[in-house]
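As provided, structure-v6.txt (compact mmCIF, N, CA and C atoms) reads as follows.
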# COMPACT_ATOMS: atom_id res chain seq x y z
N MET A 1 -77.03 20.99 150.99
CA MET A 1 -76.06 20.10 150.39
C MET A 1 -75.86 18.90 151.31
N VAL A 2 -75.91 17.74 150.72
CA VAL A 2 -75.72 16.50 151.46
C VAL A 2 -74.42 15.86 150.97
N THR A 3 -73.60 15.40 151.89
CA THR A 3 -72.37 14.73 151.51
C THR A 3 -72.60 13.23 151.52
N VAL A 4 -72.46 12.61 150.35
CA VAL A 4 -72.64 11.18 150.21
C VAL A 4 -71.35 10.62 149.63
N PHE A 5 -70.69 9.76 150.38
CA PHE A 5 -69.44 9.15 149.95
C PHE A 5 -68.42 10.20 149.53
N SER A 6 -68.32 11.23 150.31
CA SER A 6 -67.39 12.35 150.13
C SER A 6 -67.64 13.15 148.85
N LYS A 7 -68.84 13.04 148.29
CA LYS A 7 -69.22 13.86 147.14
C LYS A 7 -70.43 14.68 147.54
N LYS A 8 -70.43 15.94 147.22
CA LYS A 8 -71.55 16.79 147.56
C LYS A 8 -72.60 16.72 146.47
N THR A 9 -73.85 16.55 146.87
CA THR A 9 -74.96 16.53 145.93
C THR A 9 -76.02 17.49 146.42
N GLU A 10 -76.89 17.89 145.51
CA GLU A 10 -77.96 18.81 145.87
C GLU A 10 -79.01 18.10 146.73
N LYS A 11 -79.39 16.91 146.34
CA LYS A 11 -80.38 16.14 147.07
C LYS A 11 -79.82 14.75 147.29
N SER A 12 -80.30 14.08 148.31
CA SER A 12 -79.83 12.71 148.51
C SER A 12 -80.39 11.82 147.40
N GLY A 13 -79.55 10.94 146.87
CA GLY A 13 -79.97 10.06 145.80
C GLY A 13 -79.67 10.61 144.43
N GLU A 14 -79.37 11.88 144.31
CA GLU A 14 -79.07 12.46 143.01
C GLU A 14 -77.62 12.15 142.65
N GLN A 15 -77.43 11.71 141.44
CA GLN A 15 -76.08 11.35 141.01
C GLN A 15 -75.40 12.55 140.38
N VAL A 16 -74.12 12.65 140.62
CA VAL A 16 -73.32 13.73 140.05
C VAL A 16 -72.68 13.20 138.78
N LYS A 17 -72.91 13.91 137.66
CA LYS A 17 -72.28 13.51 136.41
C LYS A 17 -70.92 14.16 136.34
N LYS A 18 -69.92 13.36 136.15
CA LYS A 18 -68.55 13.86 136.10
C LYS A 18 -68.06 13.77 134.67
N LYS A 19 -67.61 14.89 134.13
CA LYS A 19 -67.07 14.92 132.78
C LYS A 19 -65.59 14.63 132.83
N LEU A 20 -65.12 13.91 131.82
CA LEU A 20 -63.70 13.59 131.75
C LEU A 20 -62.92 14.80 131.22
N THR A 21 -61.82 15.10 131.86
CA THR A 21 -60.94 16.16 131.37
C THR A 21 -59.97 15.55 130.37
N ARG A 22 -59.17 16.38 129.74
CA ARG A 22 -58.18 15.89 128.77
C ARG A 22 -57.20 14.92 129.43
N GLU A 23 -56.80 15.22 130.67
CA GLU A 23 -55.86 14.35 131.37
C GLU A 23 -56.50 12.99 131.64
N ASP A 24 -57.79 13.00 132.03
CA ASP A 24 -58.49 11.74 132.28
C ASP A 24 -58.64 10.93 130.99
N GLN A 25 -58.87 11.62 129.87
CA GLN A 25 -59.01 10.92 128.59
C GLN A 25 -57.70 10.26 128.20
N LYS A 26 -56.58 10.90 128.48
CA LYS A 26 -55.28 10.33 128.15
C LYS A 26 -54.96 9.14 129.05
N LYS A 27 -55.48 9.14 130.29
CA LYS A 27 -55.22 8.06 131.24
C LYS A 27 -56.18 6.88 131.06
N ALA A 28 -57.21 7.05 130.28
CA ALA A 28 -58.22 6.00 130.13
C ALA A 28 -57.61 4.74 129.52
N LEU A 29 -58.04 3.60 130.01
CA LEU A 29 -57.55 2.31 129.52
C LEU A 29 -58.51 1.66 128.55
N VAL A 30 -59.79 1.98 128.66
CA VAL A 30 -60.80 1.41 127.78
C VAL A 30 -61.74 2.50 127.31
N LYS A 31 -62.45 2.20 126.23
CA LYS A 31 -63.52 3.07 125.76
C LYS A 31 -64.72 2.19 125.46
N ARG A 32 -65.91 2.78 125.46
CA ARG A 32 -67.13 2.01 125.25
C ARG A 32 -67.64 2.24 123.84
N CYS A 33 -68.09 1.16 123.22
CA CYS A 33 -68.65 1.22 121.87
C CYS A 33 -69.95 2.04 121.92
N PRO A 34 -70.16 2.98 120.98
CA PRO A 34 -71.39 3.78 121.00
C PRO A 34 -72.64 2.99 120.62
N GLU A 35 -72.49 1.84 120.00
CA GLU A 35 -73.64 1.04 119.57
C GLU A 35 -74.03 -0.03 120.59
N CYS A 36 -73.06 -0.86 121.00
CA CYS A 36 -73.39 -1.99 121.87
C CYS A 36 -72.85 -1.82 123.30
N PHE A 37 -72.15 -0.74 123.58
CA PHE A 37 -71.65 -0.37 124.91
C PHE A 37 -70.73 -1.42 125.53
N ILE A 38 -69.98 -2.12 124.71
CA ILE A 38 -69.01 -3.08 125.20
C ILE A 38 -67.68 -2.35 125.40
N ASN A 39 -66.89 -2.75 126.38
CA ASN A 39 -65.59 -2.13 126.62
C ASN A 39 -64.61 -2.57 125.55
N LEU A 40 -63.88 -1.59 124.99
CA LEU A 40 -62.89 -1.84 123.96
C LEU A 40 -61.54 -1.32 124.43
N PRO A 41 -60.46 -1.88 123.90
CA PRO A 41 -59.15 -1.28 124.19
C PRO A 41 -59.09 0.14 123.65
N ILE A 42 -58.29 0.98 124.25
CA ILE A 42 -58.25 2.39 123.89
C ILE A 42 -57.77 2.61 122.45
N ASP A 43 -56.98 1.67 121.90
CA ASP A 43 -56.46 1.84 120.55
C ASP A 43 -57.27 1.10 119.48
N ALA A 44 -58.46 0.59 119.84
CA ALA A 44 -59.29 -0.15 118.89
C ALA A 44 -59.85 0.77 117.82
N LYS A 45 -59.90 0.29 116.59
CA LYS A 45 -60.46 1.04 115.46
C LYS A 45 -61.84 0.52 115.08
N GLU A 46 -62.17 -0.70 115.52
CA GLU A 46 -63.45 -1.31 115.20
C GLU A 46 -63.91 -2.15 116.38
N CYS A 47 -65.20 -2.12 116.66
CA CYS A 47 -65.75 -2.93 117.75
C CYS A 47 -65.74 -4.39 117.33
N PHE A 48 -65.21 -5.25 118.18
CA PHE A 48 -65.14 -6.66 117.84
C PHE A 48 -66.48 -7.36 118.01
N SER A 49 -67.44 -6.72 118.63
CA SER A 49 -68.75 -7.33 118.84
C SER A 49 -69.73 -6.98 117.71
N CYS A 50 -69.89 -5.68 117.43
CA CYS A 50 -70.87 -5.26 116.42
C CYS A 50 -70.23 -4.74 115.14
N HIS A 51 -68.90 -4.69 115.09
CA HIS A 51 -68.11 -4.27 113.92
C HIS A 51 -68.38 -2.83 113.50
N THR A 52 -68.70 -1.97 114.46
CA THR A 52 -68.85 -0.55 114.21
C THR A 52 -67.47 0.10 114.22
N LYS A 53 -67.20 0.96 113.25
CA LYS A 53 -65.94 1.69 113.23
C LYS A 53 -65.99 2.75 114.32
N VAL A 54 -64.97 2.80 115.17
CA VAL A 54 -64.93 3.75 116.27
C VAL A 54 -63.66 4.59 116.18
N GLY A 55 -63.75 5.79 116.74
CA GLY A 55 -62.62 6.70 116.75
C GLY A 55 -62.11 6.94 118.16
N GLY A 56 -61.86 8.20 118.47
CA GLY A 56 -61.33 8.57 119.78
C GLY A 56 -62.37 8.49 120.87
N ILE A 57 -62.00 8.94 122.05
CA ILE A 57 -62.87 8.86 123.22
C ILE A 57 -63.48 10.25 123.47
N ASP A 58 -64.75 10.29 123.85
CA ASP A 58 -65.37 11.58 124.16
C ASP A 58 -65.28 11.86 125.66
N LYS A 59 -65.93 12.91 126.10
CA LYS A 59 -65.80 13.31 127.50
C LYS A 59 -66.49 12.38 128.48
N TYR A 60 -67.32 11.45 128.00
CA TYR A 60 -68.00 10.51 128.87
C TYR A 60 -67.39 9.11 128.83
N GLY A 61 -66.32 8.92 128.08
CA GLY A 61 -65.66 7.63 128.01
C GLY A 61 -66.15 6.75 126.88
N ARG A 62 -67.12 7.23 126.10
CA ARG A 62 -67.61 6.47 124.96
C ARG A 62 -66.75 6.77 123.73
N ALA A 63 -66.63 5.81 122.86
CA ALA A 63 -65.91 6.01 121.61
C ALA A 63 -66.77 6.83 120.66
N LYS A 64 -66.13 7.68 119.89
CA LYS A 64 -66.84 8.47 118.89
C LYS A 64 -66.99 7.63 117.63
N LYS A 65 -68.13 7.80 116.96
CA LYS A 65 -68.32 7.11 115.69
C LYS A 65 -67.47 7.79 114.63
N ARG A 66 -66.87 6.98 113.79
CA ARG A 66 -66.12 7.54 112.68
C ARG A 66 -67.09 7.95 111.59
N GLY A 67 -66.79 9.03 110.94
CA GLY A 67 -67.66 9.54 109.89
C GLY A 67 -67.69 8.64 108.68
N ALA A 68 -68.84 8.48 108.12
CA ALA A 68 -69.00 7.69 106.90
C ALA A 68 -68.99 8.67 105.73
N TRP A 69 -67.81 9.02 105.23
CA TRP A 69 -67.70 10.04 104.20
C TRP A 69 -67.92 9.49 102.80
N VAL A 70 -67.76 8.20 102.59
CA VAL A 70 -67.92 7.63 101.25
C VAL A 70 -69.36 7.80 100.73
N PRO A 71 -70.40 7.54 101.51
CA PRO A 71 -71.75 7.76 100.99
C PRO A 71 -72.03 9.23 100.66
N TYR A 72 -71.47 10.15 101.43
CA TYR A 72 -71.68 11.56 101.13
C TYR A 72 -71.02 11.96 99.82
N VAL A 73 -69.82 11.48 99.59
CA VAL A 73 -69.12 11.79 98.34
C VAL A 73 -69.87 11.16 97.16
N GLY A 74 -70.34 9.93 97.33
CA GLY A 74 -71.11 9.28 96.27
C GLY A 74 -72.39 10.03 95.95
N CYS A 75 -73.05 10.54 96.98
CA CYS A 75 -74.28 11.31 96.78
C CYS A 75 -74.00 12.60 96.02
N ILE A 76 -72.92 13.29 96.39
CA ILE A 76 -72.57 14.54 95.71
C ILE A 76 -72.23 14.27 94.24
N ILE A 77 -71.50 13.21 93.97
CA ILE A 77 -71.16 12.86 92.58
C ILE A 77 -72.42 12.50 91.80
N ALA A 78 -73.33 11.75 92.41
CA ALA A 78 -74.57 11.36 91.74
C ALA A 78 -75.42 12.60 91.41
N TRP A 79 -75.51 13.54 92.34
CA TRP A 79 -76.26 14.77 92.07
C TRP A 79 -75.61 15.58 90.95
N GLY A 80 -74.28 15.61 90.94
CA GLY A 80 -73.57 16.32 89.87
C GLY A 80 -73.86 15.72 88.51
N ILE A 81 -73.85 14.39 88.43
CA ILE A 81 -74.16 13.71 87.17
C ILE A 81 -75.61 13.97 86.76
N PHE A 82 -76.51 13.93 87.73
CA PHE A 82 -77.93 14.18 87.44
C PHE A 82 -78.15 15.60 86.91
N ILE A 83 -77.53 16.58 87.55
CA ILE A 83 -77.69 17.98 87.11
C ILE A 83 -77.07 18.17 85.72
N ALA A 84 -75.91 17.55 85.47
CA ALA A 84 -75.28 17.64 84.15
C ALA A 84 -76.19 17.00 83.09
N TYR A 85 -76.83 15.88 83.41
CA TYR A 85 -77.75 15.24 82.47
C TYR A 85 -78.95 16.13 82.17
N ILE A 86 -79.51 16.74 83.20
CA ILE A 86 -80.67 17.63 83.00
C ILE A 86 -80.28 18.80 82.11
N LYS A 87 -79.11 19.39 82.34
CA LYS A 87 -78.66 20.51 81.49
C LYS A 87 -78.44 20.04 80.06
N TRP A 88 -77.86 18.87 79.88
CA TRP A 88 -77.59 18.36 78.55
C TRP A 88 -78.89 18.01 77.82
N ALA A 89 -79.84 17.40 78.54
CA ALA A 89 -81.06 16.92 77.89
C ALA A 89 -82.07 18.02 77.59
N PHE A 90 -82.16 19.02 78.45
CA PHE A 90 -83.24 19.99 78.30
C PHE A 90 -82.80 21.41 77.97
N PHE A 91 -81.52 21.73 78.05
CA PHE A 91 -81.12 23.12 77.79
C PHE A 91 -80.14 23.20 76.68
Write-out of the structure in C-alpha cells:
Amino acid sequence: MVTVFSKKTEKSGEQVKKKLTREDQKKALVKRCPECFINLPIDAKECFSCHTKVGGIDKYGRAKKRGAWVPYVGCIIAWGIFIAYIKWAFF
C-alpha cells in the first residue's frame, strides 16, 4: 500500500473511486448533466445547454435521466389498437 496525498492506494498512480453517500448527495451544490457533462444547479429540471430533462443526483454526482414514459404509453396503446383490429378483421 502506498500513501499518496493521505489516501491509500494499491499501486502508485492508481486512482481511488469514491462513491457519494446519502449525506454527500444532500450536501452537493451542483450535479452534472448525463449528456453534455456541464455543471447544473442541484434543483435544475432541465439542462440549459442540451435541454435534456434531468432528475436527482446519483452516487457519482451525475444527474439521472428522467424517464420518457409518454412514448412507452403510446406504444402500448398502438399495440392494443393493432391487436383489436386484427381480432375484428380476421376472427
Spatial neighbours of Val54 in chain A, 5 Å, all atoms listed in the file, chain gap at least 2 places, as an MDAnalysis selection string: chainID A and resid 45:46 52 56 64:66
Take the residues that were just selected and, keeping N, CA and C atoms, output them as a compact mmCIF listing (two decimals), keeping the file's coordinate frame.
# COMPACT_ATOMS: atom_id res chain seq x y z
N LYS A 45 -59.90 0.29 116.59
CA LYS A 45 -60.46 1.04 115.46
C LYS A 45 -61.84 0.52 115.08
N GLU A 46 -62.17 -0.70 115.52
CA GLU A 46 -63.45 -1.31 115.20
C GLU A 46 -63.91 -2.15 116.38
N THR A 52 -68.70 -1.97 114.46
CA THR A 52 -68.85 -0.55 114.21
C THR A 52 -67.47 0.10 114.22
N GLY A 56 -61.86 8.20 118.47
CA GLY A 56 -61.33 8.57 119.78
C GLY A 56 -62.37 8.49 120.87
N LYS A 64 -66.13 7.68 119.89
CA LYS A 64 -66.84 8.47 118.89
C LYS A 64 -66.99 7.63 117.63
N LYS A 65 -68.13 7.80 116.96
CA LYS A 65 -68.32 7.11 115.69
C LYS A 65 -67.47 7.79 114.63
N ARG A 66 -66.87 6.98 113.79
CA ARG A 66 -66.12 7.54 112.68
C ARG A 66 -67.09 7.95 111.59
Can you sort out the box for range 26-37 of chain A, edges along x, y and z, all listed atoms in, 3 Å on every side, with centre and edge lengths in Å to one decimal, as JSON?
{"center_x": -64.5, "center_y": 4.5, "center_z": 125.4, "size_x": 25.1, "size_y": 18.9, "size_z": 17.7}
Atom-to-atom span, CA of His51 in chain A and atom N of Trp69 in chain A, Å: 15.9 Å
Atom pair atom C of Lys31 in chain A / atom C of Ala68 in chain A: separation (Å): 21.2 Å
